[in-house]
Amino acid sequence: MSFIRTLDADIPKEELGFTYSHEHIVCRPAYWSERGEDDLLLDDPAKSKQDVLDFKKHGGQTIVDATAVDYGRDVPAVHDIMEQTGVRIIGTAGFNKSFLWDASIKEELKPIIGNYRTYYEWIESATINELADFVIREVEEGLEGTPFRAGQVKFGTGYNRITPLEEKTLRAVARAHHETKAPVHSHTEVGTMALEQIELLRSENMDLSYLSLGHMDRNPDPYYHEQIARTGAYLSFDGIGKIKYAPESTRIELILELVRKGYAGQILISGDTARKSYYKHYDHGPGLEFIIAKWVPRFIDEAERAGFDGQELIRRFFVDNPANCFAFKR
């Protein structure tokens, strides 16, 4: 049996449709809020909703909201946007990277996880299996005490390092995956430590075909990408539109190189749109419509100039691959 878990329903994977594989819709990360970084607070659901409607207008059907517990989720607000727009949203259980854990835990979470002051204190105090149990509950019962369940589990690591507590959350998420069969997503900082993450997951006996690795385009290294793809994991190119990191020509060539090597079935595409300045309706940025309305036509053109069927590749990256990657396989 194979299905996709959206916030409020399990659906056949064939119904997923055109999907962004890594976005943020409404979130108020405590780490950034405490430091006055307003651009990193997506704190106006009405504006977020307008961008989601733009995505829908161009044919978008599903968004994976990759916001973990330590990144300031607003689960009811995201579910309201799902209901009001008709765009399916997949929620995320688990954790992000460790530097965020110095932040204060919001009061609403303390009855669920305990009376800890910071995420660091909680993660350091809990055992791996206690953290796994928390992740399992978010998949099977609901995120942060709501009835809206997670459709994937997540962990993260830092730039060129994996701290002991990051390894702890990685192992907790792997064990939660074994219990729930939820797909697993990893945050890699600037695309680093993917192969090291994979080795740790192998030590937890994880089937890597359940894994997607984020931010692969931040490390534009075709050899490195091939080593990851050979493990069977999915590679998420989720920095589309962020020219400050690399031009679109670089990202497209990285993707086409993987296609040439036979890995078209392991590629995911998204924007990781996590700043007001990236959103159209917050601050006049490219918005959630950018990929589907502007990047997709460019990619089709470049792919066809390179001798590929561009339309077919788009179908794989945005429909077939997400349907396979985000499926619970029981």
# chains A, B, ... in the order shown; residues from 1 in each chain; ligands from 1

call {"tool": "residues_around", "arguments": {"residues": "Ile11 of chain A", "least_positions_apart": "2", "cutoff": "12 Å", "atoms": "only C-alpha atoms", "output": "list of chain:residue names"}}
result
A:Met1, A:Ser2, A:Phe3, A:Ile4, A:Arg5, A:Thr6, A:Leu7, A:Asp8, A:Ala9, A:Lys13, A:Glu14, A:Glu15, A:Leu16, A:Gly17, A:Thr62, A:Arg88, A:Ile89, A:Ile90, A:Gly151, A:Ala323, A:Phe326, A:Ala327, A:Phe328

call {"tool": "select_by_dssp", "arguments": {"residues": "segment 77-162 of chain A", "states": "helix (DSSP H, G or I)", "output": "short mmCIF file (atom, residue, chain, number, x, y, z; two decimals) with N, CA and C atoms, in the first residue's frame"}}
result
data_model
loop_
_atom_site.label_atom_id
_atom_site.label_comp_id
_atom_site.auth_asym_id
_atom_site.auth_seq_id
_atom_site.Cartn_x
_atom_site.Cartn_y
_atom_site.Cartn_z
N ALA A 77 -2.57 27.91 10.77
CA ALA A 77 -2.60 28.90 9.69
C ALA A 77 -2.31 28.25 8.34
N VAL A 78 -1.35 27.32 8.32
CA VAL A 78 -1.02 26.64 7.07
C VAL A 78 -2.18 25.76 6.62
N HIS A 79 -2.82 25.09 7.58
CA HIS A 79 -3.98 24.27 7.21
C HIS A 79 -5.11 25.15 6.67
N ASP A 80 -5.32 26.34 7.27
CA ASP A 80 -6.35 27.25 6.75
C ASP A 80 -6.05 27.63 5.30
N ILE A 81 -4.79 27.89 4.99
CA ILE A 81 -4.42 28.23 3.61
C ILE A 81 -4.70 27.05 2.68
N MET A 82 -4.42 25.86 3.13
CA MET A 82 -4.73 24.67 2.34
C MET A 82 -6.23 24.58 2.06
N GLU A 83 -7.04 24.79 3.07
CA GLU A 83 -8.50 24.71 2.89
C GLU A 83 -9.01 25.82 1.99
N GLN A 84 -8.50 27.02 2.17
CA GLN A 84 -9.03 28.18 1.45
C GLN A 84 -8.58 28.23 -0.01
N THR A 85 -7.43 27.63 -0.32
CA THR A 85 -6.92 27.68 -1.70
C THR A 85 -7.18 26.41 -2.49
N SER A 98 21.42 22.67 13.99
CA SER A 98 21.60 22.88 15.43
C SER A 98 21.77 24.33 15.85
N PHE A 99 22.24 25.22 14.99
CA PHE A 99 22.43 26.59 15.50
C PHE A 99 21.10 27.24 15.85
N LEU A 100 20.00 26.74 15.28
CA LEU A 100 18.68 27.27 15.60
C LEU A 100 18.22 26.90 17.01
N TRP A 101 18.90 25.94 17.62
CA TRP A 101 18.41 25.39 18.88
C TRP A 101 18.74 26.23 20.10
N ASP A 102 19.50 27.31 19.92
CA ASP A 102 19.72 28.25 21.02
C ASP A 102 18.47 29.07 21.33
N GLU A 107 5.76 28.80 24.38
CA GLU A 107 5.02 28.26 25.53
C GLU A 107 4.05 27.17 25.12
N GLU A 108 3.44 27.30 23.94
CA GLU A 108 2.44 26.32 23.51
C GLU A 108 3.03 24.92 23.33
N LEU A 109 4.34 24.84 23.11
CA LEU A 109 4.98 23.54 22.91
C LEU A 109 5.33 22.84 24.21
N LYS A 110 5.48 23.59 25.29
CA LYS A 110 6.00 23.01 26.52
C LYS A 110 5.12 21.91 27.10
N PRO A 111 3.79 22.01 27.03
CA PRO A 111 2.99 20.88 27.51
C PRO A 111 3.21 19.59 26.71
N ILE A 112 3.74 19.72 25.50
CA ILE A 112 3.93 18.57 24.62
C ILE A 112 5.32 17.96 24.80
N ILE A 113 6.34 18.82 24.91
CA ILE A 113 7.71 18.30 24.94
C ILE A 113 8.38 18.43 26.29
N TYR A 119 15.48 24.77 22.64
CA TYR A 119 15.49 23.50 21.90
C TYR A 119 16.75 22.71 22.22
N TYR A 120 17.85 23.40 22.42
CA TYR A 120 19.10 22.73 22.76
C TYR A 120 18.94 21.92 24.05
N GLU A 121 18.35 22.55 25.08
CA GLU A 121 18.16 21.85 26.35
C GLU A 121 17.30 20.61 26.17
N TRP A 122 16.25 20.73 25.38
CA TRP A 122 15.35 19.58 25.15
C TRP A 122 16.09 18.46 24.43
N ILE A 123 16.75 18.79 23.34
CA ILE A 123 17.40 17.76 22.53
C ILE A 123 18.56 17.12 23.28
N GLU A 124 19.28 17.91 24.05
CA GLU A 124 20.37 17.36 24.84
C GLU A 124 19.85 16.44 25.95
N SER A 125 18.73 16.79 26.56
CA SER A 125 18.20 16.02 27.69
C SER A 125 17.51 14.73 27.27
N ILE A 128 17.60 9.42 22.30
CA ILE A 128 17.27 9.28 20.88
C ILE A 128 15.86 8.71 20.73
N ASN A 129 15.53 7.72 21.49
CA ASN A 129 14.20 7.10 21.34
C ASN A 129 13.09 8.02 21.82
N GLU A 130 13.35 8.85 22.80
CA GLU A 130 12.32 9.83 23.22
C GLU A 130 12.08 10.85 22.12
N LEU A 131 13.14 11.30 21.47
CA LEU A 131 12.97 12.21 20.33
C LEU A 131 12.25 11.52 19.18
N ALA A 132 12.58 10.26 18.95
CA ALA A 132 11.89 9.49 17.91
C ALA A 132 10.41 9.38 18.22
N ASP A 133 10.06 9.14 19.47
CA ASP A 133 8.65 9.03 19.86
C ASP A 133 7.90 10.33 19.58
N PHE A 134 8.55 11.47 19.84
CA PHE A 134 7.93 12.76 19.53
C PHE A 134 7.65 12.88 18.03
N VAL A 135 8.63 12.51 17.20
CA VAL A 135 8.45 12.59 15.75
C VAL A 135 7.34 11.64 15.30
N ILE A 136 7.31 10.45 15.86
CA ILE A 136 6.27 9.47 15.50
C ILE A 136 4.89 10.03 15.81
N ARG A 137 4.74 10.65 16.96
CA ARG A 137 3.43 11.23 17.32
C ARG A 137 3.02 12.31 16.33
N GLU A 138 3.99 13.10 15.85
CA GLU A 138 3.63 14.15 14.90
C GLU A 138 3.19 13.59 13.55
N VAL A 139 3.68 12.41 13.21
CA VAL A 139 3.25 11.74 11.98
C VAL A 139 1.90 11.05 12.17
N GLU A 140 1.74 10.38 13.29
CA GLU A 140 0.57 9.52 13.47
C GLU A 140 -0.60 10.21 14.17
N LEU A 143 0.69 17.43 14.32
CA LEU A 143 1.79 18.36 14.56
C LEU A 143 1.45 19.31 15.70
N GLU A 144 2.30 19.35 16.72
CA GLU A 144 2.18 20.29 17.83
C GLU A 144 0.82 20.23 18.51
N GLY A 145 0.28 19.02 18.63
CA GLY A 145 -0.99 18.85 19.32
C GLY A 145 -2.22 19.14 18.49
#

call {"tool": "residues_around", "arguments": {"residues": "Leu254 of chain A", "least_positions_apart": "2", "cutoff": "8 Å", "atoms": "only C-alpha atoms", "output": "VMD selection string"}}
result
chain A and resid 217 220 to 222 250 to 252 256 to 258

call {"tool": "closest_residue", "arguments": {"among": "A:Asp51, A:Leu200, A:Glu179, A:Ala303", "to": "Pro164 of chain A", "atoms": "only C-alpha atoms"}}
result
A:Leu200

call {"tool": "residues_around", "arguments": {"residues": "Phe95 of chain A", "least_positions_apart": "4", "cutoff": "8 Å", "atoms": "only C-alpha atoms", "output": "list in words"}}
result
Ala68, Val69, Asp70, Lys154, Phe155, Gly156 and Thr169 of chain A

call {"tool": "atom_distance", "arguments": {"atom1": "atom CA of Thr180 of chain A", "atom2": "atom CA of Gly239 of chain A"}}
result
29.1 Å

call {"tool": "atom_distance", "arguments": {"atom1": "atom CA of Leu195 of chain A", "atom2": "atom CA of Phe237 of chain A"}}
result
16.3 Å

call {"tool": "closest_residue", "arguments": {"among": "A:Gly241, A:Gly114, A:Pro29, A:Gly91", "to": "Ser277 of chain A", "atoms": "only C-alpha atoms"}}
result
A:Gly241

call {"tool": "residues_around", "arguments": {"residues": "Glu189 of chain A", "least_positions_apart": "4", "cutoff": "12 Å", "atoms": "only C-alpha atoms", "output": "ChimeraX atom specification"}}
result
/A:96-99,155-162,193-194,197,213-219

call {"tool": "write_last_selection", "arguments": {"atoms": "C-alpha atoms", "output": "short mmCIF file (atom, residue, chain, number, x, y, z; two decimals), in the first residue's frame"}}
result
data_model
loop_
_atom_site.label_atom_id
_atom_site.label_comp_id
_atom_site.auth_asym_id
_atom_site.auth_seq_id
_atom_site.Cartn_x
_atom_site.Cartn_y
_atom_site.Cartn_z
CA ASN A 96 16.37 21.50 11.42
CA LYS A 97 20.06 22.37 12.01
CA SER A 98 21.60 22.88 15.43
CA PHE A 99 22.43 26.59 15.50
CA PHE A 155 16.71 16.30 10.18
CA GLY A 156 19.49 18.78 9.44
CA THR A 157 23.22 19.28 9.79
CA GLY A 158 25.56 22.27 9.67
CA TYR A 159 28.17 23.56 7.24
CA ASN A 160 30.91 20.95 6.81
CA ARG A 161 30.08 19.37 10.16
CA ILE A 162 27.66 17.12 12.00
CA MET A 193 27.74 16.54 4.48
CA ALA A 194 25.24 14.63 2.35
CA GLN A 197 24.51 11.82 6.49
CA LEU A 213 18.53 15.66 0.36
CA GLY A 214 17.94 19.40 0.30
CA HIS A 215 19.97 22.28 -1.11
CA MET A 216 21.99 20.24 -3.58
CA ASP A 217 22.32 23.22 -5.91
CA ARG A 218 24.16 25.17 -3.20
CA ASN A 219 27.10 22.81 -3.81
#

call {"tool": "residues_around", "arguments": {"residues": "Lys47 of chain A", "least_positions_apart": "4", "cutoff": "9 Å", "atoms": "only C-alpha atoms", "output": "ChimeraX atom specification"}}
result
/A:42-43,51-52,279-282

call {"tool": "write_last_selection", "arguments": {"atoms": "N, CA, C and O atoms", "output": "mmCIF file, in the first residue's frame"}}
result
data_model
loop_
_atom_site.group_PDB
_atom_site.id
_atom_site.type_symbol
_atom_site.label_atom_id
_atom_site.label_comp_id
_atom_site.auth_asym_id
_atom_site.auth_seq_id
_atom_site.Cartn_x
_atom_site.Cartn_y
_atom_site.Cartn_z
ATOM 1 N N LEU A 42 7.877 34.728 8.066
ATOM 2 C CA LEU A 42 6.691 34.695 7.191
ATOM 3 C C LEU A 42 5.475 34.703 8.103
ATOM 4 O O LEU A 42 4.895 33.665 8.425
ATOM 5 N N ASP A 43 5.085 35.898 8.531
ATOM 6 C CA ASP A 43 4.173 36.042 9.666
ATOM 7 C C ASP A 43 2.823 36.643 9.307
ATOM 8 O O ASP A 43 2.072 37.045 10.193
ATOM 9 N N ASP A 51 0.304 34.242 -2.408
ATOM 10 C CA ASP A 51 1.346 33.581 -3.203
ATOM 11 C C ASP A 51 0.966 32.148 -3.536
ATOM 12 O O ASP A 51 1.249 31.663 -4.637
ATOM 13 N N VAL A 52 0.338 31.451 -2.594
ATOM 14 C CA VAL A 52 -0.124 30.088 -2.867
ATOM 15 C C VAL A 52 -1.166 30.107 -3.992
ATOM 16 O O VAL A 52 -1.160 29.239 -4.878
ATOM 17 N N TYR A 279 9.046 36.463 -1.439
ATOM 18 C CA TYR A 279 7.612 36.370 -1.710
ATOM 19 C C TYR A 279 7.126 37.597 -2.481
ATOM 20 O O TYR A 279 7.540 38.725 -2.198
ATOM 21 N N LYS A 280 6.240 37.390 -3.404
ATOM 22 C CA LYS A 280 5.667 38.485 -4.183
ATOM 23 C C LYS A 280 4.780 39.375 -3.323
ATOM 24 O O LYS A 280 4.851 40.610 -3.395
ATOM 25 N N HIS A 281 3.939 38.766 -2.490
ATOM 26 C CA HIS A 281 2.916 39.541 -1.787
ATOM 27 C C HIS A 281 3.379 40.056 -0.428
ATOM 28 O O HIS A 281 2.650 40.809 0.210
ATOM 29 N N TYR A 282 4.562 39.682 0.010
ATOM 30 C CA TYR A 282 5.176 40.327 1.171
ATOM 31 C C TYR A 282 6.016 41.523 0.735
ATOM 32 O O TYR A 282 5.915 42.611 1.293
#
